[in-house]
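**Q** Starting off with a structure, shown below.
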Amino acid sequence: MTPSSQVRQFVFACTCLALFACESMRTPPTDTEILDSYKAYNQRVDRVLAPLLKANTDLCPKTKPDSGARLHRLADYPKRLRPTAKTLFMARDTPSVFYTLPDSPAAKAGLKPGDEVDEAHLNTIGKENIICAYGFKIRFEQDANAYADGANIIVTSGLLRAIDDETLSLVLAHELAHNVRAHAGKPLKDEFEREADRYALYFLARAGLDYQNVAHLHAATHQPHQGRAQLSPSRKNRQAYFKTIIKEIDALITKGRPLNPTKP
C-alpha cells in the first residue's frame, strides 16, 4: 500500500473545501480527522469490493493470493502527517499492518494494526484465498464519480459520501467489469456500458449480493462515470436493461444453471 499520493490529495481537497466553505466545513480538518477519513474510506471500499473479487475469479484474466492485510510505512505519508500517523496508526519505518479485512486469513491469523510483517509471511497466510487481481484507489474529490483504468477501480470521496454500501457494490461491480472486459483505454462505446452493466449484475449474484433492488436504485439516481463519460445509456434505457438481465439471472437460478454472463 502506498497511501502518500492519496493523503496529499486529501489534504489539498480539504484545504480547498475549507477555503471555499464547501460541505459546510467551518474550520480546516485536523491531521487526525484527515487520516481517520483516509483510513475509513479505504476500509469501506475494500470491504465492499472483497466479495466481488473473491466470487468471480474464473471470469478474471488475472488472479492473486490475498491475506486481507493492508500494509503501510511511515514514509508513505507526507512529512507533515507522519507524527500523527505514527501515533494514530502505529506506522513505523518498516512495513506494518494498516488494517485487516473482517474474516480474512490475516484477521483469523490474529494480525492486528501495528504488527510488523513482511510480504512473504502474508503470501503464506493468503495462499489459498485467491481473488481477482485488481485494486482500487480513492481520489479525494467533491464530484461523485467512479471509473476503471484497467488495473484499478478509482472512486472519489464525493461518491462515497453520496451513496450507501448497497449502491456502492453495484458501482464497484460495474467498474470491475470494465477492467475484466478490458474496456479501459478504448474509445467509449455504449456497448461497453451495457456489457459492464450485464457483468456487474452477474458479479453481484455470484457473490451472493443483492442484484435486484440495488440495480433500480442505481439506475434511477446515477450515471456511470459521472463527469467523465462522453457516452452513456439513458436512465430509462439502462433501467429497462437492468430488468432484462435480472429476469435472466432469476431464470438461471431457478433452473440451477451456472451464472455465466458470457452466455445469454
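Chain lettering (A, B, ...) mirrors the order of the C-alpha cells, residue numbering begins at 1 for each chain separately, and ligand numbering begins at 1 in order of display.
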Might you pull out every residue within 8 Å of Ala205 of chain A, with only C-alpha atoms counted and same-chain residues fewer than 6 positions away left off, and present them as a list in words?

**A**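 The residues satisfying every condition are Tyr211, Ile249 and Leu259 of chain A.
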
**Q** Select from segment 53-181 of chain A everything DSSP, run on the backbone, classes as strand (DSSP E or B), then give the selection as a list in words.

**A**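 Here is the list: Thr63, Lys64, Pro65, Ala69, Arg70, Leu71, His72, Ser96, Val97, Phe98, Tyr99, Thr100, Glu116, Ile130, Ile131, Cys132, Gly135, Phe136, Lys137, Ile138, Arg139, Ala146, Tyr147, Ala148, Asn152, Ile153, Ile154, Val155 and Thr156 of chain A.
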
**Q** For the helix (DSSP H, G or I) assignment from backbone DSSP, which residues of segment 22-238 of chain A qualify? Please present them as a PyMOL selection string.

**A** chain A and resi 22-24+31-55+57-59+74-76+79-89+105-108+119-125+157-162+165-180+190-206+213-221+235-238

**Q** Please identify all polymer residues within 12 Å of Cys132 of chain A, counting only C-alpha atoms, omitting same-chain residues fewer than 6 positions from it, and present them as a VMD selection string.

**A** chain A and resid 49 to 66 151 to 152 176 to 177 179 to 180 203

**Q** Which polymer residues have any atom within 12 Å of an atom of Met90 of chain A, counting only C-alpha atoms, with same-chain residues fewer than 2 positions away left out, as a short mmCIF file (atom, residue, chain, number, x, y, z; two decimals) with N, CA, C and O atoms, in the first residue's frame?

**A**
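Output saved as around.cif:
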data_model
loop_
_atom_site.label_atom_id
_atom_site.label_comp_id
_atom_site.auth_asym_id
_atom_site.auth_seq_id
_atom_site.Cartn_x
_atom_site.Cartn_y
_atom_site.Cartn_z
N LEU A 71 -0.79 -3.19 4.26
CA LEU A 71 0.41 -2.69 4.92
C LEU A 71 0.67 -1.22 4.61
O LEU A 71 0.20 -0.69 3.60
N HIS A 72 1.43 -0.58 5.47
CA HIS A 72 1.89 0.78 5.21
C HIS A 72 3.20 1.00 5.96
O HIS A 72 3.59 0.20 6.81
N ARG A 73 3.88 2.09 5.58
CA ARG A 73 5.11 2.51 6.25
C ARG A 73 5.00 4.00 6.54
O ARG A 73 4.23 4.72 5.89
N LEU A 74 5.80 4.46 7.47
CA LEU A 74 5.77 5.87 7.83
C LEU A 74 6.13 6.75 6.63
O LEU A 74 5.56 7.82 6.44
N ARG A 82 3.27 12.56 9.30
CA ARG A 82 3.94 11.38 9.86
C ARG A 82 3.84 11.29 11.38
O ARG A 82 3.60 10.19 11.90
N PRO A 83 4.00 12.37 12.12
CA PRO A 83 3.85 12.24 13.58
C PRO A 83 2.46 11.74 13.98
O PRO A 83 2.33 10.89 14.87
N THR A 84 1.44 12.23 13.29
CA THR A 84 0.08 11.79 13.60
C THR A 84 -0.13 10.35 13.17
O THR A 84 -0.76 9.56 13.88
N ALA A 85 0.40 9.98 11.99
CA ALA A 85 0.27 8.60 11.52
C ALA A 85 0.97 7.63 12.47
O ALA A 85 0.50 6.51 12.71
N LYS A 86 2.09 8.07 13.02
CA LYS A 86 2.83 7.23 13.96
C LYS A 86 2.03 7.00 15.23
O LYS A 86 1.96 5.87 15.75
N THR A 87 1.41 8.05 15.72
CA THR A 87 0.62 7.94 16.95
C THR A 87 -0.72 7.25 16.71
O THR A 87 -1.12 6.36 17.46
N LEU A 88 -1.40 7.66 15.65
CA LEU A 88 -2.76 7.19 15.40
C LEU A 88 -2.79 5.77 14.84
O LEU A 88 -3.62 4.95 15.25
N ARG A 92 5.35 2.84 11.22
CA ARG A 92 6.78 2.86 11.53
C ARG A 92 7.58 2.81 10.24
O ARG A 92 7.02 2.79 9.15
N ASP A 93 8.90 2.78 10.37
CA ASP A 93 9.76 2.80 9.19
C ASP A 93 9.66 1.50 8.39
O ASP A 93 9.84 1.50 7.17
N THR A 94 9.41 0.40 9.06
CA THR A 94 9.28 -0.89 8.38
C THR A 94 7.80 -1.19 8.13
O THR A 94 6.92 -0.63 8.80
N PRO A 95 7.50 -2.08 7.17
CA PRO A 95 6.09 -2.39 6.87
C PRO A 95 5.36 -2.94 8.09
O PRO A 95 5.87 -3.80 8.80
N SER A 96 4.17 -2.43 8.31
CA SER A 96 3.33 -2.93 9.40
C SER A 96 1.88 -2.93 8.92
O SER A 96 1.54 -2.34 7.90
N VAL A 97 1.04 -3.59 9.68
CA VAL A 97 -0.36 -3.73 9.29
C VAL A 97 -1.10 -2.41 9.49
O VAL A 97 -1.08 -1.83 10.58
N PHE A 98 -1.73 -1.94 8.43
CA PHE A 98 -2.58 -0.75 8.48
C PHE A 98 -3.97 -1.15 8.98
O PHE A 98 -4.51 -0.58 9.91
N TYR A 99 -4.54 -2.18 8.34
CA TYR A 99 -5.78 -2.78 8.81
C TYR A 99 -5.93 -4.15 8.15
O TYR A 99 -5.20 -4.48 7.21
N LYS A 112 -2.95 -7.74 13.70
CA LYS A 112 -3.64 -6.53 14.14
C LYS A 112 -2.89 -5.29 13.64
O LYS A 112 -1.70 -5.37 13.34
N PRO A 113 -3.59 -4.15 13.55
CA PRO A 113 -2.91 -2.92 13.15
C PRO A 113 -1.68 -2.65 14.00
O PRO A 113 -1.71 -2.79 15.23
N GLY A 114 -0.59 -2.31 13.33
CA GLY A 114 0.66 -2.04 14.01
C GLY A 114 1.61 -3.21 14.03
O GLY A 114 2.81 -3.04 14.28
N ASP A 115 1.12 -4.43 13.76
CA ASP A 115 2.00 -5.60 13.74
C ASP A 115 3.00 -5.49 12.59
O ASP A 115 2.62 -5.16 11.46
N GLU A 116 4.26 -5.77 12.87
CA GLU A 116 5.27 -5.82 11.81
C GLU A 116 5.17 -7.15 11.08
O GLU A 116 5.10 -8.21 11.71
#

**Q** Residues near Ser104 of chain A, anyone? I mean within 6 Å using only C-alpha atoms, not counting same-chain ones fewer than 3 positions away, as a PyMOL selection string.

**A** chain A and resi 68+101+107

**Q** Next, dump the selected residues to file, keeping only C-alpha atoms, as a JSON list (two decimals), in the first residue's frame.

**A**
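Dumped to out-v4.json:
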[["chain", "number", "residue", "atom", "x", "y", "z"],
["A", 68, "GLY", "CA", -6.60, -9.48, 3.66],
["A", 101, "LEU", "CA", -10.39, -7.15, 6.30],
["A", 107, "ALA", "CA", -7.63, -11.48, 10.70]]

**Q** Given only C-alpha atoms, how would the per-residue table for segment 33-86 of chain A near segment 137-150 of chain A read, listing every residue at most 9 Å away with its closest atom pair and distance in Å to one decimal, sorted by chain and number, as CSV?

**A**
residue,atom,partner,partner_atom,distance
A:Tyr38,CA,A:Ile138,CA,8.6
A:Tyr41,CA,A:Ile138,CA,7.5
A:Asn42,CA,A:Ile138,CA,7.2
A:Val45,CA,A:Ile138,CA,8.7

**Q** Using atom CA of Val214 of chain A and atom CA of Ala133 of chain A as the two end points, give the distance in Å to one decimal.

**A** 25.0 Å

**Q** For atom CA of His183 of chain A and atom CA of Glu195 of chain A, quote the distance in Å rounded to one decimal.

**A**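 Between atom CA of His183 of chain A and atom CA of Glu195 of chain A the gap works out to 9.8 Å.
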
**Q** One number please: atom CA of Ile34 of chain A to atom CA of Val155 of chain A, in Å, one decimal.

**A**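 It comes out at 17.2 Å.
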
**Q** Measuring between only C-alpha atoms, which one of A:Lys255, A:Asp46, A:Thr100, A:Thr124 shows the shortest distance to Ile154 of chain A?

**A**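 When distances to Ile154 of chain A are compared using only C-alpha atoms, the smallest one comes from A:Asp46.
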
**Q** Find the spatial neighbours of Asn123 of chain A, counting only C-alpha atoms, within a cut-off of 10 Å - ignore same-chain residues fewer than 3 positions away - and output them as a list in words.

**A**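 Contacts, in chain order: Lys64, Pro65, Asp66, Ser67, Asp118, Glu119, Ala120, Gly126, Lys127, Glu128 and Asn129 of chain A.
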
**Q** In terms of the shortest atom-to-atom distance over only C-alpha atoms, which of A:Leu170, A:Leu204, A:Leu35, A:Leu188 is closest to Phe89 of chain A?

**A** A:Leu35
